[in-house]
>>> print(open('structure-v2.cif').read())   # mmCIF, C-alpha atoms
data_protein
#
loop_
_atom_site.group_PDB
_atom_site.id
_atom_site.type_symbol
_atom_site.label_atom_id
_atom_site.label_comp_id
_atom_site.auth_asym_id
_atom_site.auth_seq_id
_atom_site.Cartn_x
_atom_site.Cartn_y
_atom_site.Cartn_z
ATOM 1 C CA MET A 1 40.413 4.998 -27.274
ATOM 2 C CA GLY A 2 42.652 8.029 -26.730
ATOM 3 C CA ALA A 3 43.269 7.063 -23.096
ATOM 4 C CA PHE A 4 44.615 3.694 -24.271
ATOM 5 C CA PRO A 5 46.927 4.328 -27.233
ATOM 6 C CA TYR A 6 48.548 0.871 -27.127
ATOM 7 C CA ARG A 7 46.372 -1.989 -28.332
ATOM 8 C CA LEU A 8 46.622 -5.688 -28.977
ATOM 9 C CA ARG A 9 43.846 -7.373 -30.907
ATOM 10 C CA SER A 10 44.130 -10.665 -32.741
ATOM 11 C CA SER A 11 42.030 -11.515 -35.769
ATOM 12 C CA LEU A 12 41.629 -15.024 -34.286
ATOM 13 C CA THR A 13 39.569 -14.050 -31.240
ATOM 14 C CA THR A 14 37.427 -11.365 -29.626
ATOM 15 C CA VAL A 15 39.980 -10.948 -26.815
ATOM 16 C CA ALA A 16 41.869 -7.633 -26.794
ATOM 17 C CA ILE A 17 44.250 -5.649 -24.598
ATOM 18 C CA PHE A 18 44.183 -1.847 -24.329
ATOM 19 C CA SER A 19 46.994 -0.093 -22.459
ATOM 20 C CA ARG A 20 48.122 3.389 -21.476
ATOM 21 C CA PHE A 21 51.685 2.063 -21.459
ATOM 22 C CA PRO A 22 53.843 0.692 -24.301
ATOM 23 C CA ILE A 23 53.403 -2.942 -25.311
ATOM 24 C CA VAL A 24 56.931 -4.307 -25.825
ATOM 25 C CA GLY A 25 56.090 -7.973 -26.465
ATOM 26 C CA GLN A 26 52.974 -9.919 -27.368
ATOM 27 C CA GLN A 27 51.539 -13.221 -28.510
ATOM 28 C CA ASN A 28 48.290 -15.061 -29.050
ATOM 29 C CA LEU A 29 48.187 -18.464 -27.351
ATOM 30 C CA LYS A 30 46.309 -20.863 -29.580
ATOM 31 C CA LEU A 31 43.484 -22.499 -27.676
ATOM 32 C CA GLU A 32 41.371 -25.266 -29.149
ATOM 33 C CA PRO A 33 38.736 -25.111 -30.415
ATOM 34 C CA VAL A 34 39.443 -22.023 -32.492
ATOM 35 C CA ASN A 35 35.995 -20.463 -32.771
ATOM 36 C CA GLY A 36 36.490 -16.701 -32.691
ATOM 37 C CA SER A 37 35.465 -16.385 -29.046
ATOM 38 C CA ASN A 38 37.965 -18.472 -27.114
ATOM 39 C CA GLY A 39 41.376 -16.993 -26.802
ATOM 40 C CA CYS A 40 44.309 -15.908 -24.727
ATOM 41 C CA GLU A 41 46.432 -12.888 -25.567
ATOM 42 C CA TRP A 42 49.423 -11.819 -23.556
ATOM 43 C CA ALA A 43 51.319 -8.563 -23.668
ATOM 44 C CA ASP A 44 54.517 -7.437 -22.000
ATOM 45 C CA ILE A 45 53.776 -3.895 -20.887
ATOM 46 C CA LYS A 46 56.494 -1.428 -19.900
ATOM 47 C CA ILE A 47 55.452 0.762 -16.982
ATOM 48 C CA ASN A 48 58.208 3.220 -16.109
ATOM 49 C CA ASP A 49 61.296 0.991 -15.772
ATOM 50 C CA LYS A 50 59.420 -2.277 -15.133
ATOM 51 C CA ILE A 51 57.828 -4.832 -17.424
ATOM 52 C CA ILE A 52 54.745 -6.807 -16.446
ATOM 53 C CA ARG A 53 53.049 -9.577 -18.393
ATOM 54 C CA LEU A 54 49.286 -9.207 -18.771
ATOM 55 C CA TYR A 55 47.125 -12.087 -19.968
ATOM 56 C CA ASN A 56 43.568 -11.487 -21.176
ATOM 57 C CA LEU A 57 41.549 -14.604 -21.806
ATOM 58 C CA HIS A 58 38.165 -16.050 -22.624
ATOM 59 C CA LEU A 59 37.846 -19.795 -22.132
ATOM 60 C CA GLN A 60 35.346 -22.258 -23.579
ATOM 61 C CA SER A 61 31.736 -21.460 -22.722
ATOM 62 C CA ASN A 62 29.454 -24.057 -21.176
ATOM 63 C CA SER A 63 26.949 -23.286 -23.968
ATOM 64 C CA VAL A 64 24.002 -23.840 -21.643
ATOM 65 C CA SER A 65 22.578 -20.319 -21.220
ATOM 66 C CA GLY A 66 19.774 -20.852 -23.735
ATOM 67 C CA LEU A 67 18.758 -24.159 -22.168
ATOM 68 C CA ALA A 68 18.975 -22.672 -18.662
ATOM 69 C CA ASP A 69 16.817 -19.701 -19.667
ATOM 70 C CA ASP A 70 14.250 -22.043 -21.220
ATOM 71 C CA LEU A 71 14.175 -24.228 -18.102
ATOM 72 C CA VAL A 72 13.704 -21.212 -15.824
ATOM 73 C CA GLU A 73 10.825 -19.914 -17.938
ATOM 74 C CA ASN A 74 9.159 -23.146 -19.096
ATOM 75 C CA GLY A 75 10.561 -26.027 -17.057
ATOM 76 C CA ASN A 76 8.073 -28.513 -15.640
ATOM 77 C CA PHE A 77 9.725 -31.344 -13.722
ATOM 78 C CA ASP A 78 6.742 -33.598 -14.419
ATOM 79 C CA GLU A 79 7.550 -33.566 -18.161
ATOM 80 C CA LYS A 80 10.118 -35.785 -19.863
ATOM 81 C CA SER A 81 11.153 -32.912 -22.136
ATOM 82 C CA THR A 82 12.382 -30.952 -19.105
ATOM 83 C CA TRP A 83 14.557 -33.874 -17.997
ATOM 84 C CA ALA A 84 15.854 -34.274 -21.560
ATOM 85 C CA LYS A 85 16.960 -30.604 -21.514
ATOM 86 C CA ILE A 86 18.651 -31.115 -18.151
ATOM 87 C CA ALA A 87 20.491 -34.147 -19.543
ATOM 88 C CA ARG A 88 21.638 -32.068 -22.569
ATOM 89 C CA MET A 89 22.881 -29.335 -20.226
ATOM 90 C CA ILE A 90 24.875 -31.841 -18.174
ATOM 91 C CA LYS A 91 26.391 -33.383 -21.311
ATOM 92 C CA ARG A 92 27.399 -29.953 -22.670
ATOM 93 C CA PHE A 93 28.773 -28.907 -19.311
ATOM 94 C CA ARG A 94 30.889 -32.057 -19.078
ATOM 95 C CA SER A 95 32.368 -31.803 -22.578
ATOM 96 C CA ASN A 96 33.089 -28.073 -22.237
ATOM 97 C CA THR A 97 34.658 -28.594 -18.804
ATOM 98 C CA LEU A 98 37.146 -30.996 -20.408
ATOM 99 C CA ILE A 99 37.956 -28.438 -23.122
ATOM 100 C CA ARG A 100 38.532 -25.719 -20.500
ATOM 101 C CA ALA A 101 40.794 -28.043 -18.525
ATOM 102 C CA LYS A 102 43.090 -28.403 -21.555
ATOM 103 C CA GLN A 103 42.989 -24.647 -22.184
ATOM 104 C CA ALA A 104 43.884 -23.995 -18.527
ATOM 105 C CA GLU A 105 46.871 -26.347 -18.728
ATOM 106 C CA ILE A 106 48.231 -24.513 -21.798
ATOM 107 C CA ILE A 107 47.874 -21.133 -20.084
ATOM 108 C CA ALA A 108 49.337 -22.323 -16.755
ATOM 109 C CA ALA A 109 52.388 -23.803 -18.500
ATOM 110 C CA HIS A 110 52.982 -20.502 -20.313
ATOM 111 C CA VAL A 111 52.530 -18.453 -17.126
ATOM 112 C CA LYS A 112 55.127 -20.541 -15.278
ATOM 113 C CA LYS A 113 57.762 -19.601 -17.895
ATOM 114 C CA SER A 114 57.182 -15.851 -17.690
ATOM 115 C CA PRO A 115 60.253 -13.772 -16.812
ATOM 116 C CA HIS A 116 57.967 -10.930 -15.637
ATOM 117 C CA PRO A 117 55.362 -10.398 -12.890
ATOM 118 C CA ILE A 118 51.969 -11.749 -13.993
ATOM 119 C CA LEU A 119 48.449 -10.322 -14.182
ATOM 120 C CA ILE A 120 45.623 -12.459 -15.578
ATOM 121 C CA CYS A 121 42.231 -10.979 -16.444
ATOM 122 C CA GLY A 122 39.370 -12.772 -18.041
ATOM 123 C CA ASP A 123 36.388 -15.036 -18.328
ATOM 124 C CA LEU A 124 37.358 -18.528 -17.187
ATOM 125 C CA ASN A 125 33.738 -19.722 -17.546
ATOM 126 C CA ASP A 126 34.334 -21.775 -14.409
ATOM 127 C CA ILE A 127 33.872 -21.448 -10.659
ATOM 128 C CA PRO A 128 36.568 -21.029 -7.964
ATOM 129 C CA ILE A 129 36.552 -24.714 -6.960
ATOM 130 C CA SER A 130 37.024 -25.955 -10.525
ATOM 131 C CA TYR A 131 40.074 -27.623 -12.041
ATOM 132 C CA THR A 132 40.276 -24.743 -14.536
ATOM 133 C CA TYR A 133 40.499 -22.110 -11.796
ATOM 134 C CA THR A 134 42.905 -24.000 -9.543
ATOM 135 C CA THR A 135 45.191 -24.813 -12.487
ATOM 136 C CA ILE A 136 45.430 -21.201 -13.684
ATOM 137 C CA CYS A 137 45.392 -19.636 -10.204
ATOM 138 C CA ASP A 138 48.204 -21.838 -8.884
ATOM 139 C CA ASN A 139 50.457 -19.547 -6.787
ATOM 140 C CA LEU A 140 48.481 -16.453 -7.860
ATOM 141 C CA GLN A 141 46.279 -14.108 -5.846
ATOM 142 C CA ASP A 142 42.560 -13.772 -6.586
ATOM 143 C CA GLY A 143 41.675 -10.077 -6.530
ATOM 144 C CA PHE A 144 38.230 -10.678 -5.045
ATOM 145 C CA LYS A 145 39.645 -12.716 -2.171
ATOM 146 C CA LYS A 146 42.295 -10.070 -1.478
ATOM 147 C CA ALA A 147 40.308 -6.843 -1.771
ATOM 148 C CA GLY A 148 36.696 -7.598 -2.699
ATOM 149 C CA SER A 149 33.622 -7.718 -0.496
ATOM 150 C CA GLY A 150 30.046 -8.935 -0.661
ATOM 151 C CA PHE A 151 28.888 -11.442 -3.234
ATOM 152 C CA SER A 152 31.349 -12.349 -5.956
ATOM 153 C CA THR A 153 28.749 -12.918 -8.696
ATOM 154 C CA THR A 154 30.099 -11.942 -12.114
ATOM 155 C CA TYR A 155 27.579 -13.733 -14.364
ATOM 156 C CA ALA A 156 24.400 -11.743 -14.999
ATOM 157 C CA GLY A 157 22.347 -14.538 -16.595
ATOM 158 C CA ASN A 158 19.626 -16.779 -15.144
ATOM 159 C CA VAL A 159 22.070 -19.145 -13.438
ATOM 160 C CA PRO A 160 22.434 -17.398 -10.058
ATOM 161 C CA ALA A 161 25.547 -16.507 -8.050
ATOM 162 C CA LEU A 162 28.213 -17.599 -10.537
ATOM 163 C CA LYS A 163 31.725 -16.206 -10.233
ATOM 164 C CA ILE A 164 33.402 -16.977 -13.560
ATOM 165 C CA ASP A 165 35.348 -13.761 -14.291
ATOM 166 C CA TYR A 166 38.614 -13.033 -12.504
ATOM 167 C CA ILE A 167 41.580 -10.754 -11.994
ATOM 168 C CA LEU A 168 44.560 -12.768 -10.770
ATOM 169 C CA ALA A 169 48.063 -11.585 -9.927
ATOM 170 C CA ASP A 170 51.297 -13.050 -8.689
ATOM 171 C CA ASN A 171 52.482 -12.129 -5.214
ATOM 172 C CA ALA A 172 54.594 -9.230 -6.476
ATOM 173 C CA PHE A 173 51.393 -7.166 -6.818
ATOM 174 C CA PHE A 174 49.148 -5.699 -4.112
ATOM 175 C CA PHE A 175 45.379 -5.418 -4.624
ATOM 176 C CA GLU A 176 44.277 -2.048 -3.232
ATOM 177 C CA ASP A 177 40.664 -2.340 -4.384
ATOM 178 C CA PHE A 178 38.403 -4.772 -6.226
ATOM 179 C CA ASP A 179 34.870 -4.215 -7.478
ATOM 180 C CA ILE A 180 32.242 -5.983 -9.561
ATOM 181 C CA LYS A 181 30.133 -3.332 -11.288
ATOM 182 C CA ASN A 182 26.403 -4.060 -11.332
ATOM 183 C CA VAL A 183 25.791 -2.706 -14.832
ATOM 184 C CA ALA A 184 24.185 -4.447 -17.781
ATOM 185 C CA PHE A 185 26.831 -4.318 -20.522
ATOM 186 C CA SER A 186 26.438 -8.021 -21.320
ATOM 187 C CA ASP A 187 25.654 -11.289 -19.564
ATOM 188 C CA HIS A 188 28.758 -10.612 -17.412
ATOM 189 C CA PHE A 189 29.333 -7.821 -14.912
ATOM 190 C CA PRO A 190 32.532 -5.779 -15.389
ATOM 191 C CA VAL A 191 35.299 -6.626 -12.914
ATOM 192 C CA VAL A 192 37.610 -3.768 -11.889
ATOM 193 C CA ALA A 193 40.688 -3.681 -9.647
ATOM 194 C CA ARG A 194 43.251 -1.142 -8.507
ATOM 195 C CA ILE A 195 46.590 -2.899 -8.181
ATOM 196 C CA LYS A 196 49.890 -1.610 -6.828
ATOM 197 C CA MET A 197 52.959 -2.367 -8.925
ATOM 198 C CA PRO A 198 55.809 -4.478 -7.560
#
>>> encode(input="structure-v2.cif", output="structure tokens")
Amino acid sequence: MGAFPYRLRSSLTTVAIFSRFPIVGQQNLKLEPVNGSNGCEWADIKINDKIIRLYNLHLQSNSVSGLADDLVENGNFDEKSTWAKIARMIKRFRSNTLIRAKQAEIIAAHVKKSPHPILICGDLNDIPISYTYTTICDNLQDGFKKAGSGFSTTYAGNVPALKIDYILADNAFFFEDFDIKNVAFSDHFPVVARIKMP
């Protein structure tokens, strides 16, 4: 990690921030449920004579990938067991959507109080028309909408065409480029942007 000598990593979550520039302030926002995966870290990063606030986050998963994979491979709509799996997926999706809504409200309230220009990067586990997205993205730019092209799919699993990973910025920033890399690091495609400082 020589290119990124400044690091922020909490023991409470898998979320981390790596920076080429000094981190001059930081905090972990506690998101319920605390499970080691969900989390939101923010860091105030000093770039030349300016400070920006970067949030990196991972919100509550829908926890339906296994069921979705099973339905794609083995689903038979003539069988009751298939419909029972669909009902379980809907129930999980509903309960996890409510959890994400609360997480989004905590993050949005914190963002509104920031004295510095904002960048938000992370896995919202929700689509662009969701309450989660609209709550966090309020008055922010979506990098894909500003500088991306083509399909905005960021989820690499069996549920097709999902955009659930984002780079958001307040209006002080300018998106010069935005790309979703089609590489198989995980069940998400890496999202990359080149952003001009305010």
>>> atom_distance(input="structure-v2.cif", atom1="atom CA of A:Leu59", atom2="atom CA of A:Phe174")
25.5 Å
>>> resolve_selection(input="structure-v2.cif", expression="the PyMOL selection byres ((chain A and resi 155) around 7)", output="PyMOL selection string")
chain A and resi 153-154+156-157+162-164+187-189
>>> atom_distance(input="structure-v2.cif", atom1="atom CA of A:Gly122", atom2="atom CA of A:Lys91")
24.6 Å
>>> atom_distance(input="structure-v2.cif", atom1="atom CA of A:Ala43", atom2="atom CA of A:Leu57")
11.6 Å
>>> closest_residue(input="structure-v2.cif", among="A:Asn171, A:Ser10, A:Ser152, A:Ser114", to="A:Asn139", atoms="all atoms listed in the file")
A:Asn171
>>> residues_around(input="structure-v2.cif", residues="stretch 96-110 of chain A", least_positions_apart="6", cutoff="6 Å", atoms="all atoms listed in the file", output="JSON, numbers by chain")
{"A": [31, 60, 62, 132, 136]}
>>> write_last_selection(input="structure-v2.cif", atoms="C-alpha atoms", output="mmCIF file, keeping the file's coordinate frame")
data_model
loop_
_atom_site.group_PDB
_atom_site.id
_atom_site.type_symbol
_atom_site.label_atom_id
_atom_site.label_comp_id
_atom_site.auth_asym_id
_atom_site.auth_seq_id
_atom_site.Cartn_x
_atom_site.Cartn_y
_atom_site.Cartn_z
ATOM 1 C CA LEU A 31 43.484 -22.499 -27.676
ATOM 2 C CA GLN A 60 35.346 -22.258 -23.579
ATOM 3 C CA ASN A 62 29.454 -24.057 -21.176
ATOM 4 C CA THR A 132 40.276 -24.743 -14.536
ATOM 5 C CA ILE A 136 45.430 -21.201 -13.684
#
>>> residues_around(input="structure-v2.cif", residues="A:Trp42", least_positions_apart="5", cutoff="6 Å", atoms="all atoms listed in the file", output="MDAnalysis selection string")
chainID A and resid 26:27 54:55
>>> resolve_selection(input="structure-v2.cif", expression="the PyMOL selection byres ((chain A and resi 19) around 12)", output="PDB file with C-alpha atoms, in the coordinates of the input")
ATOM      1  CA  MET A   1      40.413   4.998 -27.274  1.00  0.00           C
ATOM      2  CA  GLY A   2      42.652   8.029 -26.730  1.00  0.00           C
ATOM      3  CA  ALA A   3      43.269   7.063 -23.096  1.00  0.00           C
ATOM      4  CA  PHE A   4      44.615   3.694 -24.271  1.00  0.00           C
ATOM      5  CA  PRO A   5      46.927   4.328 -27.233  1.00  0.00           C
ATOM      6  CA  TYR A   6      48.548   0.871 -27.127  1.00  0.00           C
ATOM      7  CA  ARG A   7      46.372  -1.989 -28.332  1.00  0.00           C
ATOM      8  CA  LEU A   8      46.622  -5.688 -28.977  1.00  0.00           C
ATOM      9  CA  ARG A   9      43.846  -7.373 -30.907  1.00  0.00           C
ATOM     10  CA  ALA A  16      41.869  -7.633 -26.794  1.00  0.00           C
ATOM     11  CA  ILE A  17      44.250  -5.649 -24.598  1.00  0.00           C
ATOM     12  CA  PHE A  18      44.183  -1.847 -24.329  1.00  0.00           C
ATOM     13  CA  ARG A  20      48.122   3.389 -21.476  1.00  0.00           C
ATOM     14  CA  PHE A  21      51.685   2.063 -21.459  1.00  0.00           C
ATOM     15  CA  PRO A  22      53.843   0.692 -24.301  1.00  0.00           C
ATOM     16  CA  ILE A  23      53.403  -2.942 -25.311  1.00  0.00           C
ATOM     17  CA  VAL A  24      56.931  -4.307 -25.825  1.00  0.00           C
ATOM     18  CA  ALA A  43      51.319  -8.563 -23.668  1.00  0.00           C
ATOM     19  CA  ASP A  44      54.517  -7.437 -22.000  1.00  0.00           C
ATOM     20  CA  ILE A  45      53.776  -3.895 -20.887  1.00  0.00           C
ATOM     21  CA  LYS A  46      56.494  -1.428 -19.900  1.00  0.00           C
ATOM     22  CA  ILE A  47      55.452   0.762 -16.982  1.00  0.00           C
ATOM     23  CA  ILE A  52      54.745  -6.807 -16.446  1.00  0.00           C
ATOM     24  CA  ARG A  53      53.049  -9.577 -18.393  1.00  0.00           C
ATOM     25  CA  LEU A  54      49.286  -9.207 -18.771  1.00  0.00           C
ATOM     26  CA  ASN A  56      43.568 -11.487 -21.176  1.00  0.00           C
TER      27      ASN A  56
END
>>> resolve_selection(input="structure-v2.cif", expression="the PyMOL selection byres ((chain A and resi 30) around 9)", output="ChimeraX atom specification")
/A:12,28-29,31-34,39-41,103,106
